[in-house]
$ cat target_24.txt   # compact mmCIF, C-alpha atoms
# COMPACT_ATOMS: atom_id res chain seq x y z
CA MET E 1 74.84 149.24 73.19
CA ILE E 2 78.28 149.31 74.77
CA SER E 3 76.87 149.99 78.23
CA THR E 4 74.29 147.22 77.82
CA PHE E 5 77.02 144.84 76.67
CA ILE E 6 79.03 145.63 79.80
CA LEU E 7 75.89 145.02 81.86
CA SER E 8 75.44 141.63 80.15
CA LEU E 9 79.04 140.76 81.03
CA ALA E 10 78.35 141.64 84.65
CA PHE E 11 75.18 139.54 84.76
CA ALA E 12 76.86 136.58 83.06
CA ASN E 13 79.90 136.58 85.35
CA LEU E 14 78.60 137.91 88.70
CA LEU E 15 75.12 136.37 88.84
CA PRO E 16 74.36 132.63 88.93
CA GLN E 17 72.26 131.32 86.05
CA GLU E 18 69.40 130.53 88.43
CA SER E 19 69.27 134.10 89.76
CA TYR E 20 69.55 135.60 86.29
CA GLY E 21 66.72 133.39 85.09
CA ILE E 22 64.51 134.63 87.94
CA TYR E 23 65.48 138.22 87.06
CA LYS E 24 64.35 137.75 83.44
CA TYR E 25 61.19 135.95 84.57
CA ILE E 26 60.22 138.92 86.75
CA PHE E 27 60.73 141.28 83.82
CA SER E 28 58.38 139.14 81.75
CA LEU E 29 55.71 139.28 84.45
CA VAL E 30 56.14 143.07 84.63
CA GLY E 31 55.93 143.23 80.84
CA ILE E 32 52.66 141.31 80.73
CA ALA E 33 51.14 143.49 83.46
CA GLY E 34 52.49 146.56 81.66
CA SER E 35 50.75 145.58 78.42
CA PHE E 36 47.64 147.19 79.87
CA TYR E 37 49.21 150.66 80.02
CA LEU E 38 48.11 153.05 77.29
CA THR E 39 51.31 152.54 75.33
CA GLY E 40 49.71 153.61 72.06
CA LEU E 41 49.56 157.20 73.28
CA SER E 42 53.28 157.60 72.52
CA THR E 43 52.66 157.01 68.82
CA ILE E 44 49.86 159.56 68.87
CA VAL E 45 51.99 162.15 70.68
CA SER E 46 54.68 161.89 68.00
CA ARG E 47 52.14 162.17 65.20
CA SER E 48 50.24 165.07 66.75
CA VAL E 49 53.35 167.04 67.70
CA SER E 50 54.70 166.64 64.14
CA ARG E 51 51.45 168.31 63.01
CA GLY E 52 51.82 171.19 65.46
CA PHE E 53 49.54 169.97 68.29
CA GLU E 54 52.10 170.04 71.10
CA GLY E 55 49.51 170.05 73.89
CA THR E 56 48.65 166.45 73.03
CA LEU E 57 51.62 165.53 75.24
CA PHE E 58 49.92 166.89 78.38
CA ALA E 59 46.59 165.28 77.50
CA ALA E 60 48.32 161.95 76.89
CA VAL E 61 50.26 162.02 80.17
CA LYS E 62 47.12 162.89 82.12
CA THR E 63 45.15 160.10 80.42
CA SER E 64 47.94 157.58 80.97
CA LEU E 65 48.15 158.35 84.70
CA LYS E 66 44.37 158.12 84.99
CA TRP E 67 44.19 154.65 83.41
CA SER E 68 47.29 153.28 85.16
CA PHE E 69 45.11 151.71 87.84
CA ILE E 70 44.42 148.70 85.58
CA PRO E 71 48.05 147.44 85.20
CA THR E 72 48.72 148.52 88.79
CA ILE E 73 45.97 146.21 90.08
CA ILE E 74 47.25 143.35 87.91
CA SER E 75 50.86 143.80 89.06
CA LEU E 76 49.82 144.16 92.70
CA SER E 77 47.70 141.00 92.46
CA ILE E 78 50.70 139.04 91.17
CA SER E 79 52.80 140.39 94.04
CA ILE E 80 50.17 139.45 96.64
CA PHE E 81 49.84 135.97 95.08
CA TYR E 82 53.56 135.26 95.52
CA PHE E 83 53.64 136.72 99.03
CA TYR E 84 50.65 134.55 99.97
CA ASN E 85 52.44 131.46 98.66
CA GLY E 86 55.59 132.26 100.59
CA ASN E 87 57.75 133.36 97.66
CA TYR E 88 59.02 136.65 99.05
CA VAL E 89 61.61 137.15 96.29
CA LEU E 90 59.03 137.22 93.48
CA GLY E 91 56.46 138.98 95.67
CA GLY E 92 58.86 141.76 96.63
CA ALA E 93 60.24 142.06 93.12
CA MET E 94 56.75 142.63 91.68
CA LEU E 95 55.89 145.24 94.32
CA ILE E 96 58.46 147.84 93.19
CA PRO E 97 57.32 148.18 89.54
CA THR E 98 53.74 148.28 90.82
CA LEU E 99 54.61 151.55 92.54
CA THR E 100 56.95 153.09 89.95
CA ASN E 101 55.66 152.08 86.52
CA PRO E 102 52.58 154.35 86.41
CA PHE E 103 54.95 157.34 86.51
CA SER E 104 57.65 155.80 84.28
CA ASN E 105 55.22 154.84 81.52
CA SER E 106 53.30 158.11 81.58
CA TYR E 107 56.13 160.62 81.76
CA SER E 108 58.29 158.70 79.28
CA MET E 109 56.17 160.27 76.54
CA TYR E 110 58.58 163.19 76.60
CA SER E 111 60.59 161.05 74.15
CA ALA E 112 57.62 160.81 71.76
CA PHE E 113 57.26 164.60 71.99
CA LEU E 114 60.90 165.06 70.98
CA VAL E 115 60.48 162.65 68.08
CA GLY E 116 57.49 164.63 66.87
CA LYS E 117 59.62 167.79 67.05
CA LYS E 118 62.32 165.94 65.06
CA GLU E 119 64.74 166.54 67.92
CA PHE E 120 66.43 163.20 67.29
CA LYS E 121 69.77 164.25 68.73
CA THR E 122 68.14 165.35 71.98
CA THR E 123 66.03 162.24 72.48
CA THR E 124 69.02 160.00 71.68
CA TYR E 125 71.15 161.94 74.15
CA TYR E 126 68.52 161.64 76.91
CA SER E 127 67.97 157.92 76.34
CA THR E 128 71.71 157.24 76.24
CA ILE E 129 72.32 159.08 79.51
CA SER E 130 69.42 157.15 81.07
CA ASN E 131 70.89 153.84 79.94
CA TYR E 132 74.30 154.78 81.35
CA PHE E 133 72.89 155.60 84.79
CA ILE E 134 70.58 152.59 84.96
CA ASN E 135 73.18 150.09 83.76
CA ALA E 136 75.86 151.53 86.04
CA SER E 137 73.47 151.27 89.00
CA LEU E 138 72.69 147.65 88.17
CA ILE E 139 76.37 146.72 87.85
CA ILE E 140 77.16 148.33 91.20
CA SER E 141 74.23 146.48 92.81
CA LEU E 142 75.60 143.14 91.55
CA PHE E 143 78.68 143.60 93.75
CA PHE E 144 76.47 143.86 96.83
CA THR E 145 73.65 141.37 96.24
CA GLN E 146 72.58 138.42 94.11
CA ASN E 147 68.97 138.73 95.18
CA PRO E 148 66.91 139.41 92.02
CA ALA E 149 64.32 141.40 94.03
CA TYR E 150 66.90 144.01 95.10
CA ILE E 151 68.35 144.24 91.59
CA ILE E 152 64.86 144.74 90.15
CA ALA E 153 64.20 147.48 92.70
CA VAL E 154 67.35 149.35 91.63
CA TYR E 155 66.30 149.20 87.98
CA PHE E 156 62.74 150.46 88.34
CA ILE E 157 63.49 153.16 90.89
CA MET E 158 66.31 154.57 88.77
CA GLN E 159 64.13 154.38 85.67
CA MET E 160 61.33 156.36 87.31
CA LEU E 161 63.65 159.07 88.63
CA LEU E 162 65.34 159.55 85.26
CA VAL E 163 62.09 159.59 83.26
CA VAL E 164 60.54 162.23 85.52
CA PHE E 165 63.73 164.30 85.39
CA PHE E 166 63.95 164.30 81.58
CA TYR E 167 60.20 164.97 81.24
CA LEU E 168 60.51 168.10 83.39
CA LEU E 169 63.66 169.11 81.51
CA THR E 170 61.85 168.74 78.16
CA ILE E 171 58.87 170.80 79.34
CA LYS E 172 61.15 173.54 80.60
CA LYS E 173 63.27 173.61 77.44
CA TYR E 174 60.51 173.51 74.79
CA SER E 175 57.49 175.00 76.61
CA PRO E 176 54.87 173.05 74.60
CA SER E 177 51.71 174.84 73.54
CA LYS E 178 48.29 173.79 74.84
CA ASP E 179 46.91 172.78 71.43
CA VAL E 180 45.49 169.22 71.48
CA GLU E 181 44.67 167.39 68.26
CA LYS E 182 41.01 166.44 68.13
CA GLY E 183 40.44 162.69 68.42
CA ALA E 184 44.11 161.95 69.11
CA ILE E 185 43.65 160.57 72.63
CA VAL E 186 40.76 158.35 71.56
CA TYR E 187 42.84 156.95 68.71
CA GLY E 188 45.73 156.47 71.14
CA LYS E 189 43.48 154.35 73.34
CA HIS E 190 42.57 152.23 70.33
CA LEU E 191 46.26 151.74 69.49
CA SER E 192 46.92 150.76 73.11
CA VAL E 193 44.23 148.08 73.02
CA MET E 194 45.73 146.83 69.76
CA SER E 195 49.17 146.44 71.36
CA VAL E 196 48.05 144.39 74.40
CA LEU E 197 48.17 141.00 72.70
CA GLY E 198 51.50 141.81 71.05
CA THR E 199 53.14 142.68 74.37
CA ILE E 200 51.79 139.53 75.99
CA SER E 201 53.00 137.34 73.10
CA SER E 202 56.48 138.90 73.24
CA ASN E 203 56.82 138.05 76.95
CA ILE E 204 55.02 134.73 77.17
CA ASP E 205 58.03 132.76 75.91
CA LYS E 206 60.06 133.52 79.03
CA ILE E 207 57.09 132.60 81.22
CA LEU E 208 56.78 129.27 79.38
CA VAL E 209 60.54 128.57 79.48
CA PHE E 210 60.59 129.28 83.22
CA HIS E 211 57.52 127.08 83.76
CA TYR E 212 58.53 124.11 81.60
CA LEU E 213 62.34 124.17 81.81
CA GLY E 214 63.33 126.27 84.83
CA ALA E 215 65.35 129.39 85.64
CA ALA E 216 68.75 128.25 84.30
CA PRO E 217 67.47 127.44 80.76
CA LEU E 218 65.70 130.81 80.80
CA ALA E 219 69.09 132.44 81.49
CA ILE E 220 70.60 130.57 78.49
CA TYR E 221 67.68 131.66 76.30
CA SER E 222 67.99 135.28 77.44
CA ILE E 223 71.73 135.43 76.82
CA ALA E 224 71.17 133.92 73.35
CA SER E 225 68.69 136.63 72.44
CA ALA E 226 70.56 139.53 74.09
CA PRO E 227 72.92 140.45 71.17
CA VAL E 228 70.13 140.25 68.59
CA ASP E 229 67.84 142.25 70.86
CA GLN E 230 70.46 144.97 71.15
CA ILE E 231 70.93 145.18 67.39
CA ASN E 232 67.17 145.32 66.89
CA ALA E 233 66.96 148.01 69.59
CA LEU E 234 69.54 150.04 67.67
CA PHE E 235 67.54 149.64 64.46
CA LYS E 236 64.37 150.55 66.32
CA GLN E 237 65.86 153.97 67.02
CA THR E 238 65.81 154.62 63.28
CA THR E 239 62.02 154.24 63.23
CA HIS E 240 61.91 157.67 64.89
CA LEU E 241 63.24 158.98 61.60
CA PHE E 242 60.46 157.27 59.66
CA MET E 243 57.55 158.37 61.84
CA PRO E 244 57.26 162.10 61.00
CA LYS E 245 58.01 161.61 57.29
CA ILE E 246 55.59 158.72 56.73
CA SER E 247 52.87 160.46 58.77
CA SER E 248 53.20 163.68 56.76
CA GLN E 249 53.12 161.97 53.33
CA ASN E 250 49.81 161.19 51.66
CA LYS E 251 48.57 157.64 51.34
CA GLU E 252 49.34 157.22 47.63
CA GLU E 253 52.94 158.34 48.01
CA VAL E 254 53.51 155.82 50.79
CA LYS E 255 51.87 152.96 48.86
CA LYS E 256 53.97 153.74 45.80
CA ASN E 257 57.40 154.16 47.41
CA LEU E 258 57.55 152.23 50.68
CA PRO E 259 57.13 148.59 49.50
CA GLY E 260 60.09 148.83 47.13
CA LYS E 261 62.28 150.53 49.73
CA SER E 262 61.31 147.89 52.29
CA MET E 263 62.38 145.05 50.04
CA MET E 264 65.65 146.88 49.40
CA LEU E 265 66.20 147.07 53.16
CA THR E 266 65.76 143.29 53.38
CA VAL E 267 68.46 142.74 50.78
CA ILE E 268 70.79 145.16 52.57
CA MET E 269 70.27 143.29 55.87
CA ILE E 270 71.63 140.04 54.39
CA VAL E 271 75.25 141.17 54.85
CA PRO E 272 75.10 142.04 58.60
CA THR E 273 73.09 138.86 59.23
CA ILE E 274 75.76 136.64 57.67
CA VAL E 275 78.54 138.52 59.48
CA TYR E 276 76.71 138.04 62.79
CA ILE E 277 76.26 134.29 62.24
CA LEU E 278 79.95 133.82 61.40
CA LEU E 279 81.41 135.91 64.23
CA ILE E 280 79.04 135.29 67.15
CA PRO E 281 80.68 131.96 68.23
CA TYR E 282 83.97 133.78 68.90
CA PHE E 283 82.09 136.52 70.72
CA TYR E 284 80.50 134.05 73.15
CA LYS E 285 83.68 132.05 73.74
CA ILE E 286 85.57 135.22 74.66
CA PHE E 287 82.97 137.14 76.66
CA PHE E 288 80.36 134.56 77.77
CA PRO E 289 82.22 131.26 78.25
CA LYS E 290 79.56 130.03 80.68
CA TYR E 291 76.93 130.40 77.96
CA VAL E 292 78.49 128.71 74.92
CA SER E 293 75.31 126.61 74.70
CA SER E 294 73.55 129.84 73.67
CA ILE E 295 75.55 130.17 70.43
CA ILE E 296 73.41 128.05 68.13
CA TYR E 297 70.21 129.71 69.38
CA SER E 298 71.67 133.16 68.83
CA GLN E 299 72.72 132.27 65.28
CA PHE E 300 69.17 131.26 64.37
CA LEU E 301 67.75 134.38 66.01
CA ALA E 302 69.98 136.48 63.77
CA LEU E 303 67.63 135.64 60.89
CA THR E 304 65.10 138.03 62.45
CA LEU E 305 67.39 140.90 61.39
CA LEU E 306 66.16 140.31 57.83
CA THR E 307 62.68 141.42 58.90
CA TYR E 308 63.74 144.96 59.80
CA PRO E 309 61.46 146.43 57.05
CA LYS E 310 58.39 145.44 59.02
CA LYS E 311 58.96 148.52 61.21
CA PRO E 312 58.40 151.24 58.56
CA LEU E 313 55.59 149.15 57.05
CA ASN E 314 53.85 149.04 60.41
CA ILE E 315 54.27 152.81 60.87
CA ALA E 316 52.65 153.37 57.47
CA ILE E 317 49.67 151.18 58.31
CA VAL E 318 49.17 152.90 61.67
CA ALA E 319 49.40 156.33 60.03
CA HIS E 320 47.25 155.66 56.97
CA GLY E 321 45.18 152.55 57.69
CA ASP E 322 41.73 152.63 59.29
CA LYS E 323 40.91 151.21 62.71
CA LYS E 324 39.56 147.98 61.25
CA ILE E 325 42.85 147.17 59.55
CA ASN E 326 44.92 148.07 62.59
CA TYR E 327 42.71 146.03 64.90
CA PHE E 328 43.06 143.04 62.57
CA LEU E 329 46.85 143.29 62.61
CA SER E 330 46.93 143.86 66.35
CA VAL E 331 45.23 140.50 66.78
CA PHE E 332 46.60 138.49 63.86
CA ASN E 333 50.34 139.17 64.21
CA PRO E 334 50.73 138.53 67.95
CA MET E 335 48.34 135.57 67.77
CA VAL E 336 50.66 133.92 65.24
CA LEU E 337 53.62 134.40 67.60
CA LEU E 338 51.60 133.31 70.65
CA ILE E 339 50.27 130.16 68.99
CA LEU E 340 53.71 129.21 67.67
CA LYS E 341 55.25 129.60 71.14
CA ILE E 342 52.50 127.68 72.92
CA ILE E 343 52.74 124.81 70.42
CA LEU E 344 56.47 124.61 69.72
CA LEU E 345 58.04 125.39 73.11
CA PRO E 346 56.53 122.45 75.08
CA ILE E 347 57.47 120.09 72.22
CA TRP E 348 61.01 121.26 71.39
CA GLY E 349 61.97 123.31 74.44
CA LEU E 350 64.33 126.21 73.73
CA THR E 351 64.54 125.21 70.06
CA GLY E 352 60.78 125.63 69.79
CA ALA E 353 60.92 129.07 71.39
CA ILE E 354 63.63 130.15 68.93
CA ALA E 355 61.70 128.74 65.96
CA ALA E 356 58.63 130.76 66.96
CA GLU E 357 60.71 133.94 67.24
CA VAL E 358 62.21 133.41 63.78
CA ILE E 359 59.10 132.37 61.85
CA SER E 360 56.61 134.93 63.19
CA PRO E 361 58.34 138.18 62.09
CA PHE E 362 58.59 136.94 58.49
CA ILE E 363 54.86 136.27 58.49
CA TYR E 364 54.33 139.67 60.11
CA MET E 365 56.42 141.47 57.47
CA PHE E 366 54.70 139.92 54.44
CA VAL E 367 51.20 140.39 55.88
CA ASN E 368 52.00 144.07 56.52
CA LEU E 369 53.29 144.45 52.96
CA TYR E 370 50.15 142.86 51.54
CA ILE E 371 47.83 145.04 53.62
CA LEU E 372 49.72 148.25 52.83
CA ARG E 373 49.22 147.62 49.11
CA ARG E 374 45.46 147.18 49.68
CA ILE E 375 44.82 150.26 51.87

$ encode --input "target_24.txt" --output "structure tokens"
Amino acid sequence: MISTFILSLAFANLLPQESYGIYKYIFSLVGIAGSFYLTGLSTIVSRSVSRGFEGTLFAAVKTSLKWSFIPTIISLSISIFYFYNGNYVLGGAMLIPTLTNPFSNSYSMYSAFLVGKKEFKTTTYYSTISNYFINASLIISLFFTQNPAYIIAVYFIMQMLLVVFFYLLTIKKYSPSKDVEKGAIVYGKHLSVMSVLGTISSNIDKILVFHYLGAAPLAIYSIASAPVDQINALFKQTTHLFMPKISSQNKEEVKKNLPGKSMMLTVIMIVPTIVYILLIPYFYKIFFPKYVSSIIYSQFLALTLLTYPKKPLNIAIVAHGDKKINYFLSVFNPMVLLILKIILLPIWGLTGAIAAEVISPFIYMFVNLYILRRI
């Protein structure tokens, strides 16, 4: 979090709003293209490894590399489109992740393997070191260029090199067995299909802001969401603790205990949410004086911290729900977010985008709670 905060300071003070907006727009395009990777395999690797089927890692990596041609074609098509229309910045920026992401996404499953082994210290150490190197590389690049295409290239090349390095290090250190859980890869494919719409809906807001309002408002929107995103990213790390335990418990235990604990988590999150809302204006005035207009948006986004319990609820449904339930949620939840963004953003601009981000996770949390009780 500290390294990412320093990176945000560098972007806010060394990069013009227009360039930063383009940078975030490119990441959204990459994110939408990347939604077609088999991202659900990571969940399956963690679950299978926690059950003793360590060879599922190798099967998952092989499958991921095999099916990477789909997002690669999509990303390459976007790059060619911008080159054809004379936009060499966006065309060049999309070309780099086209080449690197098949390896980054596939070999990053070493982290899921470590989670399944309950090696939380190791996976946290590896991810922290990766963040340090990537963020340091980006900060150094900002002193030499303000071209978003070059900055994007630094990010994705460094990411690929570090992922491959830590994958090989993990294989050497733990020497996984060759045992593959039956049906795991097929279920991982299903989970990947389920996540496509969610990934698109989480990135479409930046595409819409860029399209309707321009690059500078997108920079304001991104800076507003950055602190909340970092806090949520920190909380997301704790879901690694939930995964093996929830997966190993039987269905009745989870149904009995998890709803009450989830509601307790919501109550606990009230305090940090209020503290954030009260202190964030001072934070922006000190560190991001060019982005004081982001304060009010960031304060409203802080309400999403109250929906932290949706993470363990979702893990429980994935682990114990059938495919029909998971397919329903994979369509319903992101569709709510997508529809809210498409309707509210053109009407209210950035306020509409923020409203969609705040409303949708509450709906998501209560729908998950309802479905868990009915499994």

$ residues_around --input "target_24.txt" --residues "E:Ile73" --least-positions-apart "3" --cutoff "12 Å" --atoms "all atoms listed in the file" --output "JSON, numbers by chain"
{"E": [30, 33, 34, 36, 37, 67, 68, 69, 70, 76, 77, 78, 79, 80, 94, 95, 97, 98, 99, 101, 102]}

$ closest_residue --input "target_24.txt" --among "E:Ile231, E:Val45, E:Leu303, E:Ile200" --to "E:Gly31" --atoms "only C-alpha atoms"
E:Ile200

$ residues_around --input "target_24.txt" --residues "E:Lys341" --least-positions-apart "6" --cutoff "10 Å" --atoms "only C-alpha atoms" --output "MDAnalysis selection string"
chainID E and resid 201:202 204:205 208:209 335 347 349 352:357 360

$ residues_around --input "target_24.txt" --residues "E:Ala184" --least-positions-apart "6" --cutoff "9 Å" --atoms "only C-alpha atoms" --output "short mmCIF file (atom, residue, chain, number, x, y, z; two decimals) with C-alpha atoms, keeping the file's coordinate frame"
data_model
loop_
_atom_site.label_atom_id
_atom_site.label_comp_id
_atom_site.auth_asym_id
_atom_site.auth_seq_id
_atom_site.Cartn_x
_atom_site.Cartn_y
_atom_site.Cartn_z
CA LEU E 41 49.56 157.20 73.28
CA ILE E 44 49.86 159.56 68.87
CA VAL E 45 51.99 162.15 70.68
CA ARG E 47 52.14 162.17 65.20
CA SER E 48 50.24 165.07 66.75
CA THR E 56 48.65 166.45 73.03
CA ALA E 60 48.32 161.95 76.89
#

$ atom_distance --input "target_24.txt" --atom1 "atom CA of E:Ser8" --atom2 "atom CA of E:Leu138"
10.4 Å

$ residues_around --input "target_24.txt" --residues "E:Ile223" --least-positions-apart "6" --cutoff "10 Å" --atoms "only C-alpha atoms" --output "JSON, numbers by chain"
{"E": [8, 9, 11, 12, 20, 21, 217, 229, 284, 288, 291, 292, 293, 294, 295, 297, 298]}

$ write_last_selection --input "target_24.txt" --atoms "C-alpha atoms" --output "tab-separated table (two decimals), in the coordinates of the input"
chain	number	residue	atom	x	y	z
E	8	SER	CA	75.44	141.63	80.15
E	9	LEU	CA	79.04	140.76	81.03
E	11	PHE	CA	75.18	139.54	84.76
E	12	ALA	CA	76.86	136.58	83.06
E	20	TYR	CA	69.55	135.60	86.29
E	21	GLY	CA	66.72	133.39	85.09
E	217	PRO	CA	67.47	127.44	80.76
E	229	ASP	CA	67.84	142.25	70.86
E	284	TYR	CA	80.50	134.05	73.15
E	288	PHE	CA	80.36	134.56	77.77
E	291	TYR	CA	76.93	130.40	77.96
E	292	VAL	CA	78.49	128.71	74.92
E	293	SER	CA	75.31	126.61	74.70
E	294	SER	CA	73.55	129.84	73.67
E	295	ILE	CA	75.55	130.17	70.43
E	297	TYR	CA	70.21	129.71	69.38
E	298	SER	CA	71.67	133.16	68.83

$ residues_around --input "target_24.txt" --residues "E:Val228" --least-positions-apart "6" --cutoff "10 Å" --atoms "all atoms listed in the file" --output "PyMOL selection string"
chain E and resi 234+273+276+298-305

$ axis_aligned_box --input "target_24.txt" --around "stretch 341-344 of chain E" --padding-each-side "6 Å" --output "lines of an AutoDock Vina configuration file"
center_x = 54.5
center_y = 127.1
center_z = 71.3
size_x = 16.0
size_y = 17.0
size_z = 15.2

$ atom_distance --input "target_24.txt" --atom1 "atom CA of E:Lys172" --atom2 "atom CA of E:Ile246"
28.6 Å

$ closest_residue --input "target_24.txt" --among "E:Ser50, E:Ser330, E:Gln249, E:Asn135" --to "E:Ile6" --atoms "only C-alpha atoms"
E:Asn135

$ atom_distance --input "target_24.txt" --atom1 "atom CA of E:Leu265" --atom2 "atom CA of E:Leu241"
14.9 Å

$ closest_residue --input "target_24.txt" --among "E:Asn232, E:Asn257, E:Thr4, E:Ser35" --to "E:Leu191" --atoms "only C-alpha atoms"
E:Ser35

$ closest_residue --input "target_24.txt" --among "E:Val358, E:Lys173, E:Ile280, E:Leu369" --to "E:Lys256" --atoms "all atoms listed in the file"
E:Leu369

$ closest_residue --input "target_24.txt" --among "E:Thr199, E:Ser42, E:Thr351, E:Ser141" --to "E:Leu29" --atoms "all atoms listed in the file"
E:Thr199

$ closest_residue --input "target_24.txt" --among "E:Tyr126, E:Tyr150, E:Tyr282, E:Tyr107" --to "E:Tyr23" --atoms "all atoms listed in the file"
E:Tyr150

$ residues_near_point --input "target_24.txt" --point "(56.0, 174.9, 74.8)" --cutoff "12 Å" --atoms "only C-alpha atoms" --output "list in words"
Val49, Gly52, Phe53, Glu54, Gly55, Thr56, Leu57, Phe58, Phe113, Leu114, Lys117, Leu168, Leu169, Thr170, Ile171, Lys172, Lys173, Tyr174, Ser175, Pro176, Ser177, Lys178 and Asp179 of chain E

$ residues_near_point --input "target_24.txt" --point "(74.8, 133.6, 89.2)" --cutoff "10 Å" --atoms "all atoms listed in the file" --output "NGL selection string"
:E and (10-21 or 142 or 146-147 or 216 or 219)

$ build_atoms --input "target_24.txt" --residues "stretch 333-339 of chain E" --atoms "all heavy atoms" --output "mmCIF file, in the coordinates of the input"
data_model
loop_
_atom_site.group_PDB
_atom_site.id
_atom_site.type_symbol
_atom_site.label_atom_id
_atom_site.label_comp_id
_atom_site.auth_asym_id
_atom_site.auth_seq_id
_atom_site.Cartn_x
_atom_site.Cartn_y
_atom_site.Cartn_z
ATOM 1 N N ASN E 333 48.891 139.325 64.077
ATOM 2 C CA ASN E 333 50.340 139.170 64.210
ATOM 3 C C ASN E 333 50.775 138.579 65.549
ATOM 4 O O ASN E 333 51.530 137.608 65.585
ATOM 5 C CB ASN E 333 51.033 140.511 63.953
ATOM 6 C CG ASN E 333 50.925 140.950 62.505
ATOM 7 O OD1 ASN E 333 50.947 140.123 61.602
ATOM 8 N ND2 ASN E 333 50.786 142.241 62.270
ATOM 9 N N PRO E 334 50.327 139.140 66.676
ATOM 10 C CA PRO E 334 50.730 138.530 67.950
ATOM 11 C C PRO E 334 50.131 137.153 68.188
ATOM 12 O O PRO E 334 50.726 136.323 68.869
ATOM 13 C CB PRO E 334 50.239 139.543 69.001
ATOM 14 C CG PRO E 334 49.205 140.349 68.324
ATOM 15 C CD PRO E 334 49.580 140.393 66.883
ATOM 16 N N MET E 335 48.939 136.902 67.608
ATOM 17 C CA MET E 335 48.340 135.570 67.770
ATOM 18 C C MET E 335 49.189 134.508 67.089
ATOM 19 O O MET E 335 49.331 133.393 67.599
ATOM 20 C CB MET E 335 46.921 135.557 67.200
ATOM 21 C CG MET E 335 45.867 136.077 68.158
ATOM 22 S SD MET E 335 45.770 135.125 69.707
ATOM 23 C CE MET E 335 45.226 133.529 69.088
ATOM 24 N N VAL E 336 49.758 134.856 65.927
ATOM 25 C CA VAL E 336 50.660 133.920 65.240
ATOM 26 C C VAL E 336 51.841 133.577 66.143
ATOM 27 O O VAL E 336 52.190 132.404 66.324
ATOM 28 C CB VAL E 336 51.148 134.512 63.909
ATOM 29 C CG1 VAL E 336 52.282 133.666 63.317
ATOM 30 C CG2 VAL E 336 50.004 134.614 62.914
ATOM 31 N N LEU E 337 52.469 134.609 66.716
ATOM 32 C CA LEU E 337 53.620 134.400 67.600
ATOM 33 C C LEU E 337 53.206 133.610 68.842
ATOM 34 O O LEU E 337 53.909 132.669 69.259
ATOM 35 C CB LEU E 337 54.208 135.749 68.018
ATOM 36 C CG LEU E 337 55.391 135.726 68.978
ATOM 37 C CD1 LEU E 337 56.553 134.942 68.387
ATOM 38 C CD2 LEU E 337 55.831 137.142 69.322
ATOM 39 N N LEU E 338 52.073 133.968 69.424
ATOM 40 C CA LEU E 338 51.600 133.310 70.650
ATOM 41 C C LEU E 338 51.312 131.833 70.400
ATOM 42 O O LEU E 338 51.725 130.965 71.176
ATOM 43 C CB LEU E 338 50.351 134.028 71.154
ATOM 44 C CG LEU E 338 49.883 133.722 72.575
ATOM 45 C CD1 LEU E 338 50.960 134.077 73.593
ATOM 46 C CD2 LEU E 338 48.591 134.485 72.878
ATOM 47 N N ILE E 339 50.622 131.550 69.310
ATOM 48 C CA ILE E 339 50.270 130.160 68.990
ATOM 49 C C ILE E 339 51.522 129.339 68.716
ATOM 50 O O ILE E 339 51.654 128.199 69.185
ATOM 51 C CB ILE E 339 49.311 130.118 67.778
ATOM 52 C CG1 ILE E 339 47.940 130.687 68.177
ATOM 53 C CG2 ILE E 339 49.153 128.684 67.267
ATOM 54 C CD1 ILE E 339 47.007 130.902 67.006
#
